[in-house]
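Novice: Just one file: upload.cif, with mmCIF, C-alpha atoms.
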data_query
loop_
_atom_site.label_atom_id
_atom_site.label_comp_id
_atom_site.auth_asym_id
_atom_site.auth_seq_id
_atom_site.Cartn_x
_atom_site.Cartn_y
_atom_site.Cartn_z
CA MET A 128 -0.93 -2.85 8.47
CA PRO A 129 -0.62 -5.75 6.05
CA LEU A 130 -0.33 -4.91 2.35
CA PRO A 131 -3.49 -3.97 0.42
CA ARG A 132 -5.10 -7.01 -1.14
CA LEU A 133 -6.52 -7.72 -4.58
CA ILE A 134 -9.17 -10.41 -4.44
CA PRO A 135 -10.65 -11.87 -7.64
CA CYS A 136 -14.20 -13.12 -7.11
CA LEU A 137 -15.41 -16.18 -8.98
CA ASP A 138 -19.14 -16.85 -9.21
CA VAL A 139 -19.79 -20.56 -9.24
CA ALA A 140 -22.84 -22.74 -9.78
CA ASP A 141 -22.87 -26.54 -9.82
CA GLY A 142 -19.07 -26.63 -9.68
CA ARG A 143 -18.44 -24.33 -12.64
CA VAL A 144 -17.57 -20.65 -13.00
CA VAL A 145 -20.59 -18.83 -14.35
CA LYS A 146 -21.28 -15.37 -15.57
CA GLY A 147 -24.63 -13.69 -15.72
CA VAL A 148 -26.39 -10.42 -15.37
CA ARG A 149 -27.96 -10.05 -11.95
CA PHE A 150 -27.88 -13.81 -11.51
CA GLN A 151 -30.02 -14.26 -14.65
CA GLY A 152 -28.95 -16.19 -17.74
CA LEU A 153 -25.95 -17.86 -16.11
CA ARG A 154 -23.39 -18.92 -18.68
CA ASP A 155 -20.63 -21.46 -18.07
CA VAL A 156 -17.26 -19.76 -18.49
CA GLY A 157 -14.85 -22.32 -17.12
CA ASP A 158 -13.41 -24.46 -14.39
CA PRO A 159 -13.04 -22.70 -11.00
CA VAL A 160 -9.82 -24.52 -10.16
CA GLU A 161 -8.14 -23.59 -13.45
CA LEU A 162 -9.29 -19.98 -13.27
CA GLY A 163 -8.34 -19.78 -9.58
CA ALA A 164 -4.88 -21.17 -10.37
CA HIS A 165 -4.50 -18.62 -13.14
CA TYR A 166 -5.30 -15.77 -10.74
CA SER A 167 -2.98 -17.22 -8.12
CA ASP A 168 -0.14 -17.38 -10.66
CA GLU A 169 -0.86 -13.79 -11.67
CA GLY A 170 -0.45 -12.55 -8.10
CA ALA A 171 -3.95 -12.61 -6.56
CA ASP A 172 -3.63 -12.17 -2.81
CA GLU A 173 -6.74 -14.20 -2.06
CA LEU A 174 -9.76 -15.55 -3.89
CA VAL A 175 -13.48 -15.53 -3.19
CA PHE A 176 -15.73 -18.27 -4.53
CA LEU A 177 -19.38 -17.33 -4.42
CA ASP A 178 -21.99 -20.00 -4.98
CA VAL A 179 -24.59 -17.92 -6.79
CA ARG A 180 -27.18 -20.67 -6.99
CA ALA A 181 -26.68 -21.99 -3.46
CA THR A 182 -29.18 -24.81 -3.73
CA LEU A 183 -29.27 -27.66 -1.27
CA ASP A 184 -28.33 -30.06 -4.07
CA GLY A 185 -25.35 -27.90 -4.88
CA ARG A 186 -23.79 -28.10 -1.40
CA ARG A 187 -21.97 -31.37 -2.02
CA THR A 188 -20.67 -30.03 -5.33
CA LEU A 189 -19.46 -26.88 -3.58
CA VAL A 190 -17.59 -28.87 -0.92
CA GLU A 191 -15.96 -30.98 -3.65
CA LEU A 192 -14.98 -27.81 -5.45
CA VAL A 193 -13.38 -26.44 -2.27
CA GLU A 194 -11.42 -29.69 -1.89
CA ARG A 195 -10.14 -29.42 -5.46
CA VAL A 196 -9.22 -25.74 -5.04
CA SER A 197 -7.26 -26.41 -1.83
CA GLU A 198 -5.35 -29.23 -3.49
CA ARG A 199 -4.21 -26.90 -6.22
CA LEU A 200 -3.79 -23.51 -4.53
CA ALA A 201 -1.59 -22.32 -1.67
CA ILE A 202 -3.19 -18.91 -1.19
CA PRO A 203 -6.14 -18.12 1.10
CA PHE A 204 -9.68 -18.32 -0.18
CA THR A 205 -13.14 -17.48 1.09
CA VAL A 206 -16.30 -19.35 0.16
CA GLY A 207 -19.77 -17.87 0.37
CA GLY A 208 -23.29 -18.41 -0.84
CA GLY A 209 -25.96 -20.29 1.06
CA VAL A 210 -24.02 -20.75 4.32
CA ARG A 211 -26.81 -21.09 6.89
CA SER A 212 -25.23 -22.78 9.90
CA VAL A 213 -22.01 -23.56 11.72
CA ASP A 214 -22.19 -27.05 10.18
CA ASP A 215 -22.31 -25.56 6.67
CA ALA A 216 -19.27 -23.45 7.55
CA LEU A 217 -17.35 -26.36 9.07
CA ALA A 218 -17.94 -28.52 6.00
CA LEU A 219 -16.35 -25.83 3.83
CA LEU A 220 -13.46 -25.15 6.24
CA GLU A 221 -12.68 -28.83 6.64
CA ALA A 222 -12.63 -29.13 2.86
CA GLY A 223 -9.88 -26.51 2.80
CA ALA A 224 -11.52 -23.06 2.74
CA ASP A 225 -9.87 -20.47 4.97
CA LYS A 226 -12.92 -18.31 5.56
CA VAL A 227 -16.64 -18.51 5.02
CA ALA A 228 -18.84 -15.58 4.12
CA VAL A 229 -22.39 -15.30 5.42
CA ASN A 230 -25.00 -12.89 4.16
CA SER A 231 -28.77 -13.54 4.08
CA ALA A 232 -28.74 -16.19 6.80
CA ALA A 233 -26.91 -13.84 9.17
CA LEU A 234 -29.41 -11.06 8.50
CA ALA A 235 -32.26 -13.45 9.21
CA ARG A 236 -30.54 -14.68 12.37
CA PRO A 237 -27.66 -12.46 13.55
CA GLY A 238 -26.76 -15.02 16.23
CA LEU A 239 -25.21 -17.06 13.42
CA VAL A 240 -22.32 -14.58 13.33
CA SER A 241 -21.68 -15.03 17.06
CA GLU A 242 -21.80 -18.81 16.70
CA LEU A 243 -19.36 -18.75 13.80
CA ALA A 244 -16.92 -16.50 15.66
CA ARG A 245 -17.02 -18.87 18.64
CA GLU A 246 -16.83 -22.13 16.70
CA VAL A 247 -14.50 -21.33 13.81
CA GLY A 248 -12.85 -18.11 15.01
CA SER A 249 -13.29 -14.51 13.89
CA GLN A 250 -10.47 -14.80 11.37
CA ALA A 251 -12.59 -17.31 9.42
CA ALA A 252 -15.93 -15.49 9.74
CA VAL A 253 -16.66 -12.96 7.00
CA VAL A 254 -19.93 -11.05 6.92
CA ALA A 255 -20.94 -10.02 3.40
CA ILE A 256 -23.16 -6.96 3.15
CA ASP A 257 -25.00 -5.90 -0.02
CA ALA A 258 -26.00 -2.26 0.22
CA GLU A 259 -28.10 0.03 -1.95
CA GLY A 260 -28.33 3.69 -1.05
CA GLY A 261 -26.66 2.84 2.25
CA ALA A 262 -29.37 0.28 3.16
CA VAL A 263 -28.82 -3.45 3.42
CA ARG A 264 -30.55 -5.74 0.96
CA THR A 265 -30.81 -9.48 1.33
CA ARG A 266 -31.44 -12.56 -0.81
CA ALA A 267 -28.97 -11.58 -3.53
CA GLY A 268 -30.12 -7.98 -3.39
CA THR A 269 -33.77 -8.75 -4.12
CA THR A 270 -35.23 -7.84 -0.73
CA ALA A 271 -34.97 -4.72 1.42
CA THR A 272 -34.20 -5.18 5.12
CA GLY A 273 -34.71 -1.65 6.41
CA ARG A 274 -31.30 -1.74 8.09
CA SER A 275 -28.46 0.63 7.39
CA ALA A 276 -25.21 -0.93 6.22
CA LEU A 277 -23.37 1.01 8.90
CA ASP A 278 -25.48 -0.41 11.76
CA TRP A 279 -25.29 -3.94 10.43
CA ALA A 280 -21.52 -3.76 9.95
CA ARG A 281 -21.14 -2.52 13.54
CA GLU A 282 -23.35 -5.31 14.87
CA ALA A 283 -21.50 -7.92 12.81
CA GLU A 284 -18.21 -6.73 14.27
CA GLU A 285 -19.60 -6.81 17.82
CA ARG A 286 -20.74 -10.37 17.20
CA GLY A 287 -17.24 -11.37 16.16
CA ALA A 288 -17.09 -11.03 12.38
CA GLY A 289 -13.44 -10.87 11.35
CA GLU A 290 -13.98 -9.09 8.05
CA ILE A 291 -16.69 -7.17 6.25
CA LEU A 292 -17.16 -7.80 2.53
CA LEU A 293 -19.06 -4.70 1.47
CA THR A 294 -20.75 -4.69 -1.93
CA SER A 295 -22.40 -1.59 -3.28
CA ILE A 296 -25.34 -2.69 -5.42
CA ASP A 297 -25.41 0.85 -6.86
CA ALA A 298 -21.85 0.53 -8.14
CA ASP A 299 -21.81 -3.20 -8.90
CA GLY A 300 -21.19 -4.00 -12.55
CA THR A 301 -21.06 -0.33 -13.58
CA ARG A 302 -17.25 -0.23 -13.85
CA GLU A 303 -17.48 3.45 -12.86
CA GLY A 304 -15.65 3.13 -9.57
CA TYR A 305 -16.25 1.75 -6.10
CA ASP A 306 -18.77 3.42 -3.80
CA LEU A 307 -16.11 5.28 -1.87
CA GLU A 308 -18.52 7.13 0.40
CA LEU A 309 -20.20 3.94 1.59
CA THR A 310 -16.88 2.11 1.91
CA ALA A 311 -15.21 4.91 3.85
CA THR A 312 -18.21 5.27 6.16
CA VAL A 313 -18.28 1.58 7.04
CA ALA A 314 -14.47 1.25 7.26
CA GLY A 315 -14.41 4.26 9.56
CA ALA A 316 -17.00 2.71 11.87
CA VAL A 317 -15.47 -0.74 12.36
CA GLY A 318 -12.05 -1.94 13.48
CA VAL A 319 -11.98 -5.10 11.36
CA PRO A 320 -10.70 -5.18 7.77
CA VAL A 321 -13.15 -4.10 5.05
CA ILE A 322 -13.14 -5.49 1.51
CA ALA A 323 -14.57 -3.03 -1.01
CA SER A 324 -16.69 -4.60 -3.70
CA GLY A 325 -18.52 -3.41 -6.78
CA GLY A 326 -17.63 -0.93 -9.47
CA ALA A 327 -14.00 -1.52 -10.46
CA GLY A 328 -13.42 -0.32 -14.01
CA ASP A 329 -9.76 0.64 -14.02
CA ALA A 330 -6.66 0.91 -11.86
CA SER A 331 -7.57 4.37 -10.55
CA HIS A 332 -10.80 2.96 -9.10
CA VAL A 333 -8.94 0.17 -7.34
CA ALA A 334 -6.29 2.58 -6.02
CA GLU A 335 -9.03 4.84 -4.61
CA ALA A 336 -10.77 1.90 -2.95
CA LEU A 337 -7.52 0.73 -1.36
CA GLU A 338 -7.13 4.12 0.28
CA VAL A 339 -10.29 3.57 2.32
CA ALA A 340 -10.50 -0.24 2.47
CA GLN A 341 -7.98 -2.98 3.19
CA ALA A 342 -8.80 -5.03 0.11
CA ALA A 343 -10.57 -4.69 -3.23
CA LEU A 344 -12.77 -7.36 -4.74
CA LEU A 345 -12.42 -7.73 -8.50
CA ALA A 346 -15.34 -9.26 -10.38
CA SER A 347 -16.68 -7.88 -13.69
CA ILE A 348 -13.35 -6.27 -14.56
CA LEU A 349 -11.73 -9.72 -14.69
CA HIS A 350 -14.64 -11.73 -16.03
CA GLU A 351 -14.22 -10.45 -19.57
CA ASP A 352 -10.46 -10.63 -19.42
CA PRO A 353 -8.75 -12.78 -16.76
CA ALA A 354 -5.37 -11.52 -18.02
CA ARG A 355 -6.34 -8.06 -16.75
CA LEU A 356 -5.13 -8.90 -13.22
CA ARG A 357 -1.49 -8.74 -14.25
CA THR A 358 -1.77 -5.37 -16.00
CA LEU A 359 -3.89 -4.03 -13.16
CA ARG A 360 -1.16 -4.90 -10.66
CA THR A 361 1.45 -3.17 -12.81
CA GLU A 362 -0.72 -0.06 -13.13
CA LEU A 363 -1.36 0.01 -9.38
CA ARG A 364 2.35 -0.23 -8.65
CA GLU A 365 2.97 2.65 -11.06
CA ARG A 366 0.48 4.65 -9.02
CA GLY A 367 2.51 3.98 -5.88
CA VAL A 368 0.29 1.25 -4.39
CA GLU A 369 2.55 -1.24 -2.63
CA LEU A 370 1.42 -4.77 -3.40
CA ARG A 371 2.79 -8.15 -2.44
CA MET B 244 10.58 -37.61 6.16
CA ARG B 245 7.58 -38.47 8.33
CA VAL B 246 5.41 -35.62 9.59
CA ALA B 247 2.74 -35.89 12.29
CA ILE B 248 0.03 -33.25 12.13
CA CYS B 249 -1.55 -32.76 15.54
CA GLU B 250 -5.24 -32.34 14.86
CA TYR B 251 -7.49 -30.99 17.56
CA GLY B 252 -10.86 -30.91 15.84
CA ALA B 253 -11.06 -27.30 14.79
CA GLY B 254 -11.36 -27.23 11.03
CA ASN B 255 -8.87 -26.70 8.27
CA VAL B 256 -5.70 -28.78 8.71
CA ARG B 257 -6.11 -29.93 5.14
CA SER B 258 -4.02 -27.05 3.80
CA VAL B 259 -1.15 -27.90 6.13
CA ARG B 260 -1.38 -31.58 5.19
CA LEU B 261 -1.34 -30.74 1.47
CA ALA B 262 1.59 -28.36 1.89
CA PHE B 263 3.75 -31.11 3.41
CA ALA B 264 2.55 -33.63 0.83
CA ARG B 265 3.72 -31.23 -1.90
CA LEU B 266 7.17 -31.29 -0.31
CA GLY B 267 7.16 -35.08 -0.52
CA ALA B 268 6.78 -35.72 3.22
CA ALA B 269 4.95 -38.83 4.39
CA GLU B 270 2.35 -38.51 7.11
CA THR B 271 2.29 -40.47 10.33
CA GLU B 272 -0.14 -40.39 13.26
CA ASP B 273 2.65 -41.12 15.72
CA VAL B 274 3.38 -37.72 17.26
CA LEU B 275 6.23 -39.12 19.33
CA ALA B 276 8.07 -40.97 16.57
CA ALA B 277 7.60 -38.52 13.68
CA ASP B 278 10.60 -36.63 12.31
CA LEU B 279 8.57 -33.45 12.67
CA ALA B 280 5.40 -32.78 14.66
CA VAL B 281 3.26 -29.93 13.37
CA LEU B 282 0.86 -28.03 15.59
CA PRO B 283 -1.44 -26.21 13.16
CA GLY B 284 -3.27 -23.04 14.00
CA ILE B 285 -7.01 -22.97 13.61
CA GLY B 286 -9.86 -21.80 15.79
CA ALA B 287 -9.82 -20.53 19.36
CA ALA B 288 -7.29 -21.17 22.14
CA ARG B 289 -9.48 -22.78 24.79
CA ALA B 290 -11.12 -25.28 22.45
CA ALA B 291 -7.74 -26.03 20.87
CA MET B 292 -6.06 -26.83 24.21
CA ALA B 293 -9.01 -29.01 25.21
CA GLY B 294 -8.78 -30.81 21.86
CA LEU B 295 -5.05 -31.40 22.30
CA ARG B 296 -5.60 -32.84 25.79
CA GLU B 297 -8.44 -35.10 24.63
CA ARG B 298 -6.17 -36.63 22.03
CA GLY B 299 -3.14 -36.84 24.32
CA HIS B 300 -1.18 -34.53 22.02
CA ASP B 301 -0.26 -32.18 24.89
CA ALA B 302 1.75 -34.87 26.70
CA ALA B 303 3.26 -36.17 23.46
CA LEU B 304 4.39 -32.67 22.44
CA ARG B 305 5.94 -32.01 25.85
CA ALA B 306 7.78 -35.34 25.69
CA ARG B 307 9.05 -34.54 22.19
CA PHE B 308 10.24 -31.15 23.30
CA GLU B 309 12.12 -32.60 26.27
CA ASP B 310 13.80 -35.08 23.92
CA GLY B 311 14.85 -32.22 21.65
CA ARG B 312 12.76 -33.51 18.75
CA PRO B 313 11.50 -30.89 16.29
CA ILE B 314 8.06 -29.29 16.52
CA LEU B 315 6.63 -26.67 14.19
CA GLY B 316 3.81 -24.50 15.53
CA ILE B 317 1.80 -22.45 13.03
CA CYS B 318 -0.21 -19.34 14.03
CA LEU B 319 -2.31 -20.45 17.03
CA GLY B 320 0.02 -23.46 17.20
CA LEU B 321 2.86 -21.08 18.00
CA GLN B 322 0.75 -19.31 20.64
CA LEU B 323 -0.29 -22.60 22.28
CA ALA B 324 3.39 -23.48 22.82
CA LEU B 325 3.79 -20.43 25.07
CA ALA B 326 3.09 -20.36 28.82
CA GLY B 327 -0.34 -18.93 28.14
CA THR B 328 -2.56 -16.65 26.11
CA GLU B 329 -4.94 -13.78 26.90
CA GLU B 330 -7.45 -15.30 24.49
CA ASP B 331 -10.78 -16.64 25.81
CA GLY B 332 -10.29 -14.91 29.16
CA GLY B 333 -6.87 -16.47 29.70
CA VAL B 334 -5.82 -20.02 28.79
CA PRO B 335 -2.65 -21.83 29.94
CA GLY B 336 -0.54 -23.09 27.04
CA LEU B 337 1.84 -26.01 26.67
CA GLY B 338 4.63 -24.02 28.29
CA LEU B 339 7.34 -25.13 25.86
CA VAL B 340 8.40 -21.57 25.11
CA PRO B 341 8.58 -18.70 27.62
CA GLY B 342 6.21 -15.82 26.99
CA ARG B 343 2.51 -15.37 26.31
CA ALA B 344 0.14 -14.38 23.55
CA VAL B 345 -1.50 -10.98 23.89
CA ARG B 346 -4.25 -9.30 21.89
CA LEU B 347 -3.04 -7.08 19.07
CA ARG B 348 -3.46 -3.44 19.97
CA ASP B 349 -2.56 -1.59 16.77
CA GLY B 350 -4.25 -1.49 13.42
CA ARG B 351 -7.27 -3.49 12.36
CA VAL B 352 -7.89 -6.69 14.27
CA PRO B 353 -7.93 -9.47 13.12
CA ARG B 354 -4.71 -8.62 11.32
CA ILE B 355 -5.45 -10.27 7.99
CA GLY B 356 -3.34 -10.19 4.86
CA TRP B 357 0.14 -10.43 3.43
CA ALA B 358 2.88 -8.67 5.35
CA ARG B 359 6.62 -8.63 4.98
CA VAL B 360 8.76 -10.55 7.46
CA ASP B 361 11.95 -8.73 8.43
CA GLY B 362 11.26 -6.37 5.54
CA ASP B 363 11.69 -9.14 3.00
CA ALA B 364 9.25 -11.68 1.51
CA ALA B 365 5.55 -11.31 2.35
CA PHE B 366 3.64 -14.08 4.10
CA TYR B 367 -0.06 -14.47 4.88
CA PHE B 368 -1.17 -13.62 8.42
CA ALA B 369 -4.63 -14.00 9.98
CA HIS B 370 -4.58 -13.40 13.73
CA SER B 371 -5.91 -11.34 16.63
CA TYR B 372 -3.24 -12.36 19.17
CA ALA B 373 0.54 -12.40 18.92
CA ALA B 374 3.44 -13.74 20.96
CA GLU B 375 5.38 -11.68 23.48
CA THR B 376 8.48 -13.76 24.05
CA PRO B 377 12.25 -13.45 24.45
CA CYS B 378 12.57 -16.22 21.85
CA ALA B 379 11.45 -14.18 18.83
CA VAL B 380 13.81 -14.37 15.85
CA SER B 381 11.89 -12.41 13.23
CA TRP B 382 9.24 -9.73 13.13
CA SER B 383 6.59 -8.34 10.83
CA GLU B 384 5.47 -4.75 11.39
CA GLY B 385 6.43 -4.95 15.05
CA VAL B 386 4.62 -8.28 15.50
CA VAL B 387 6.54 -11.45 16.35
CA ALA B 388 6.63 -13.49 13.14
CA GLU B 389 8.88 -16.37 14.10
CA VAL B 390 10.00 -17.98 17.34
CA ARG B 391 12.75 -20.51 18.03
CA HIS B 392 13.40 -22.19 21.34
CA GLY B 393 15.13 -25.53 21.77
CA SER B 394 13.59 -27.87 19.22
CA PHE B 395 10.51 -25.68 18.78
CA ILE B 396 10.00 -23.52 15.71
CA GLY B 397 6.93 -21.31 15.57
CA CYS B 398 5.64 -19.05 12.81
CA GLN B 399 2.79 -16.58 13.24
CA PHE B 400 2.12 -16.51 9.48
CA HIS B 401 0.56 -19.37 7.56
CA PRO B 402 3.30 -20.86 5.34
CA GLU B 403 0.75 -23.30 3.90
CA LYS B 404 -1.20 -20.30 2.57
CA SER B 405 1.73 -18.12 1.59
CA GLY B 406 2.27 -19.34 -1.97
CA ALA B 407 5.85 -19.80 -3.14
CA ALA B 408 7.33 -17.95 -0.14
CA GLY B 409 5.50 -20.27 2.23
CA ALA B 410 6.56 -23.41 0.39
CA ALA B 411 10.18 -22.23 0.48
CA TYR B 412 9.86 -21.60 4.22
CA LEU B 413 8.50 -25.09 4.93
CA GLU B 414 11.15 -26.61 2.73
CA SER B 415 13.88 -24.81 4.66
CA VAL B 416 12.40 -26.03 7.95
CA CYS B 417 12.38 -29.62 6.64
CA ARG B 418 15.90 -29.29 5.26
CA SER B 419 17.20 -28.01 8.60
CA LEU B 420 16.02 -31.27 10.21
CA ALA B 421 17.67 -33.56 7.71
#
Would you put the structure from the file into structure tokens?
Specialist:
Amino acid sequence: MPLPRLIPCLDVADGRVVKGVRFQGLRDVGDPVELGAHYSDEGADELVFLDVRATLDGRRTLVELVERVSERLAIPFTVGGGVRSVDDALALLEAGADKVAVNSAALARPGLVSELAREVGSQAAVVAIDAEGGAVRTRAGTTATGRSALDWAREAEERGAGEILLTSIDADGTREGYDLELTATVAGAVGVPVIASGGAGDASHVAEALEVAQAALLASILHEDPARLRTLRTELRERGVELR
Amino acid sequence: MRVAICEYGAGNVRSVRLAFARLGAAETEDVLAADLAVLPGIGAARAAMAGLRERGHDAALRARFEDGRPILGICLGLQLALAGTEEDGGVPGLGLVPGRAVRLRDGRVPRIGWARVDGDAAFYFAHSYAAETPCAVSWSEGVVAEVRHGSFIGCQFHPEKSGAAGAAYLESVCRSLA
């Protein structure tokens, strides 16, 4: 198996990194390319850029951002937020993204996952799942779907998803640890890599997540302190986690 | 140095283009005359082979190979140089290198992430198929990581996405041609 991955997640809106609480009160905290380059220099294995506003007007800005990121960085990155079609995905991939993540649009029309796998390849098709109490929620967590995360992850894999980005809404932002039960359940049910997301507060949490998932997304823990990535890597190594 | 990147209409060749630009290479569209032809690796095998044929790259790459002129295949680009691949129900390749690409059987598939090559530096891999060939020269976790045959060099990892290690790899490939 490849080495466990640490993946900083940058929320972006209108071409800038933003920070907010549950998508409310977004505050500009910097340039995505500069912050991405910082994380790359500090040893990030990949990056995720999530367009949290995902408006139609913002699409062009997002594609331009992806172009700028690919000019500067030579590590893989995933882009998500508002991807509704193969054309949306192709625009991002042609601009230099390595993978696209789909969420609400795939729940509304699961065939989108099959189309993406066929047109851009499974290795570039990430299905992002937001779960609360084991059930999938859509539209940035605002709407229940009545589906279990486990069933949806299995279907996504059958349709050709190459990775599952699994966010626990219960754990997200708490910094009290990843939802290990949910992550282990989903990772045990699919054969594709799973990225654990939501809840990282310290190195022990990340180490636990990397025992059940192939990668750990880092969001809140880095937002306050982007320099934390370096110390986190050191602490993980001290705990015996082999990193790149 | 002039590099020709063989596009076949399947997405992200921008990273490969930028990686060579960072090394100071100039780009040319002339696959036959370039100092190095690069066959990038994006998308699925059947569509990629069709795209290569449409653009006449298949014939140009075969001609280059027969002339002993260097070709670098990356990821799927390596697999397309083989006699064939199991992908998409079985697709014939360019046949430059003996062997075929088979679906990965161990671990999680796609195999995505950084993995050490010959126990040394880690490179970024993202693949569901891998080469089975007598021309392998390095391995990563039992998977063929690099292939050399005649003037063909193939890497299963993505040097353009492998940070400093990847840049050093591409630089060494370019230097070996000088």
Novice: List the residues selected by the PyMOL selection byres ((chain A) within 6 of (chain B)) in the file shown, writing them as a PDB file with C-alpha atoms, keeping the file's coordinate frame.
Specialist:
ATOM      1  CA  PRO A 129      -0.620  -5.750   6.050  1.00  0.00           C
ATOM      2  CA  LEU A 130      -0.330  -4.910   2.350  1.00  0.00           C
ATOM      3  CA  ALA A 201      -1.590 -22.320  -1.670  1.00  0.00           C
ATOM      4  CA  ILE A 202      -3.190 -18.910  -1.190  1.00  0.00           C
ATOM      5  CA  PRO A 203      -6.140 -18.120   1.100  1.00  0.00           C
ATOM      6  CA  LEU A 220     -13.460 -25.150   6.240  1.00  0.00           C
ATOM      7  CA  GLU A 221     -12.680 -28.830   6.640  1.00  0.00           C
ATOM      8  CA  GLY A 223      -9.880 -26.510   2.800  1.00  0.00           C
ATOM      9  CA  VAL A 247     -14.500 -21.330  13.810  1.00  0.00           C
ATOM     10  CA  GLY A 248     -12.850 -18.110  15.010  1.00  0.00           C
ATOM     11  CA  GLY A 289     -13.440 -10.870  11.350  1.00  0.00           C
ATOM     12  CA  GLY A 318     -12.050  -1.940  13.480  1.00  0.00           C
ATOM     13  CA  VAL A 319     -11.980  -5.100  11.360  1.00  0.00           C
ATOM     14  CA  PRO A 320     -10.700  -5.180   7.770  1.00  0.00           C
TER      15      PRO A 320
END
Novice: With distances taken over all atoms listed in the file, which of A:Asp225, A:Asp297, A:Glu335, A:Glu362 is nearest to Ala251 of chain A?
Specialist: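 With all atoms listed in the file as the atom set, the closest residue is A:Asp225.
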Novice: Do you have the atom CA of Cys318 of chain B-atom CA of Glu161 of chain A distance handy?
Specialist: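 Atom CA of Glu161 of chain A lies 28.9 Å from atom CA of Cys318 of chain B.
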Novice: Report, in Å with one decimal, the straight-line distance from atom CA of Gly185 of chain A to atom CA of Ala267 of chain A.
Specialist: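 So the answer is 16.8 Å.
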Novice: Can you pull out every residue within 7 Å of Leu321 of chain B, counting all atoms listed in the file, but drop anything in the same chain fewer than 3 positions away, and send it as JSON, numbers by chain?
Specialist: {"B": [316, 317, 318, 324, 397, 398, 399]}
Novice: When you draw a straight line from atom CA of Ala336 of chain A to atom CA of Pro131 of chain A, how long is it in Å?
Specialist: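 Distance reported for this atom pair: 9.9 Å.
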Novice: Considering all atoms listed in the file, can you say which of A:Leu192, A:Ala164, A:Glu242, A:Thr294 comes closest to Ala140 of chain A?
Specialist: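 Closest to Ala140 of chain A, using all atoms listed in the file: A:Leu192.
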Novice: What do you get, as a count of residues only, if you spell out every residue that the PyMOL selection byres ((chain B and resi 293) around 12) selects here?
Specialist: 24
Novice: Find, counting only C-alpha atoms, the residue in A:Val339, A:Ala334, A:Leu345, A:Leu133 that gets nearest to Asp299 of chain A.
Specialist: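 For Asp299 of chain A, the nearest of the given residues is A:Leu345.
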Novice: Select, from A:Gly287, A:Phe204, A:Val213, A:Ala235, the residue with the minimum atom-to-atom distance to Thr270 of chain A, counting only C-alpha atoms.
Specialist: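 Using only C-alpha atoms, the shortest distance to Thr270 of chain A belongs to A:Ala235.
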Novice: Of the candidates A:Gly163, A:Arg364, A:His332, A:Gln250, which one gets nearest to Gly284 of chain B if we count all atoms listed in the file?
Specialist: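 Ranked by minimum distance to Gly284 of chain B, first place goes to A:Gln250.
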Novice: Name the residues in contact with Ala421 of chain B at a cut-off of 12 Å, using all atoms listed in the file, excluding same-chain residues fewer than 6 positions from it; report them as JSON, numbers by chain.
Specialist: {"B": [244, 245, 268, 278, 279, 313, 414, 415]}
Novice: Evaluated on this file, the PyMOL selection byres ((chain A and resi 137) around 12) picks out some residues - which ones are they, written as a count of residues only?
Specialist: 44
Novice: Show me, as a list of chain:residue names, the residues that have an atom within 10 Å of Asp215 of chain A when counting all atoms listed in the file, minus same-chain residues fewer than 4 positions from it.
Specialist: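 Non-adjacent residues within range: A:Arg186, A:Val190, A:Gly209, A:Val210, A:Arg211, A:Leu219, A:Leu220, A:Val227.
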Novice: Please identify all polymer residues within 10 Å of Glu338 of chain A, counting all atoms listed in the file, omitting same-chain residues fewer than 4 positions from it, and present them as a list of chain:residue names.
Specialist: A:Pro131, A:Leu307, A:Ala311, A:Val333, A:Ala334, A:Ala342, A:Val368
Novice: List every protein, DNA or RNA residue that has an atom no more than 6 Å from (-18.6, -17.1, 6.0) in the file's coordinate frame, counting only C-alpha atoms, and report them as a PDB file with C-alpha atoms, in the frame of the given file.
Specialist:
ATOM      1  CA  GLY A 207     -19.770 -17.870   0.370  1.00  0.00           C
ATOM      2  CA  LYS A 226     -12.920 -18.310   5.560  1.00  0.00           C
ATOM      3  CA  VAL A 227     -16.640 -18.510   5.020  1.00  0.00           C
ATOM      4  CA  ALA A 228     -18.840 -15.580   4.120  1.00  0.00           C
ATOM      5  CA  VAL A 229     -22.390 -15.300   5.420  1.00  0.00           C
ATOM      6  CA  ALA A 252     -15.930 -15.490   9.740  1.00  0.00           C
ATOM      7  CA  VAL A 253     -16.660 -12.960   7.000  1.00  0.00           C
TER       8      VAL A 253
END
Novice: Out of B:Ala303, B:Val340, B:Leu266, B:Val386, which residue has the shortest atom-to-atom distance to Arg418 of chain B when counting all atoms listed in the file?
Specialist: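 Under the stated criterion, the closest residue is B:Leu266.
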